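Structure first, commentary second.
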Amino acid sequence: MTAQGAPSGATMVDAQLTTVRVLQPFPNFERVYQGQPAKTPIAFPGARDPRALKNEPGFDPNLMLGIPVPEGARVILWIPICFAPVGSPGVNPLIPFQFYSYRLVWRYQNLGSFRDPPAKSRRPPWHFARQSPGAPDSSTGLDVPRVTVPASWHVVAFEQSEPTSGPGNIVVRVETITPRIDSLNQLVAPLLANGQHGVIEQGVIDPNNTGGNGMPIFMPFWTDAEGDELIILANRTTITDADDVWDFTQANNDPDAPPLGDLAFSNIYGTANGAHPVYRDIGIYMQTGTTP
């Protein structure tokens, strides 16, 4: 090309994504949630914000930790289907699984977070250019100052029918993400040349007591980062009444709860009622970045 001309070749732009981050609830979450109302969501990561840990003025001592994300970036979440550690291995086993729904919460960080980051940590992304007090907390009988830290739900928009008069209407609702399987045939493994069933996934769940047969249990979900931080909230899909509780044991006496309670959730994110340690590499997988 000439000094003044445009390049003659095509310019290729490839996807740029971070390495995988593994998202889990806080350690020993089963002990805290056991017997609590099932409508109470389990948070990822569920820990306290560093400013809450330090009792910084203006921050609630129970303010939850968020996962830093670059606002506007593409976000991919691999969310697992939860299997309980019981059952019979084989080609068509009785697969003990339980479905869970996940909601995404986005949150802005403020200028103060950038100016005074936690020790030994990177400065967090921020887009709320204020650090002045917002609405106070009067729950204790005193007006305790609180810095404004806004949060929003991840939503899906539904366009309504065209009106005969007046403005058009779009309704937004909180979006829940529920990884599910429609048929046990999805978990039947293909054959190798030697006639044995092949393994596609390993090291995620034990196929000897889940009947997983090395088939994928993750389902990807793409979205865009709509804030500076992300918090994920999980609930069992089958909550029938106000008396339903979280139960991570195999023995479940609640007639409204699934037969295995929430043992499947504990098997993926925790200890499966003490059957195994927490696997540090198993959880919700998250990447952020850009795609062409």
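Simple scheme: letters A, B, ... for chains in structure tokens order, numbers from 1 for residues in each chain, numbers from 1 for ligands in the order shown.
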
Test item: residues at most 7 Å from range 51-67 of chain A, only C-alpha atoms, excluding those fewer than 4 positions along its chain, as a PDB file with C-alpha atoms, in the first residue's frame:
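That gives us selection32.pdb:
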ATOM      1  CA  PRO A  45     -19.980 -15.475  45.546  1.00  0.00           C
ATOM      2  CA  GLY A  46     -22.065 -14.666  48.645  1.00  0.00           C
ATOM      3  CA  ALA A  47     -19.220 -13.180  50.689  1.00  0.00           C
ATOM      4  CA  PRO A 145     -25.522   7.426  56.355  1.00  0.00           C
ATOM      5  CA  ARG A 146     -25.165   5.106  53.372  1.00  0.00           C
ATOM      6  CA  VAL A 147     -23.134   5.654  50.207  1.00  0.00           C
ATOM      7  CA  GLU A 229     -20.178  -6.018  39.207  1.00  0.00           C
ATOM      8  CA  LEU A 230     -22.223  -9.197  38.925  1.00  0.00           C
ATOM      9  CA  ILE A 231     -23.958 -11.193  41.668  1.00  0.00           C
TER      10      ILE A 231
END
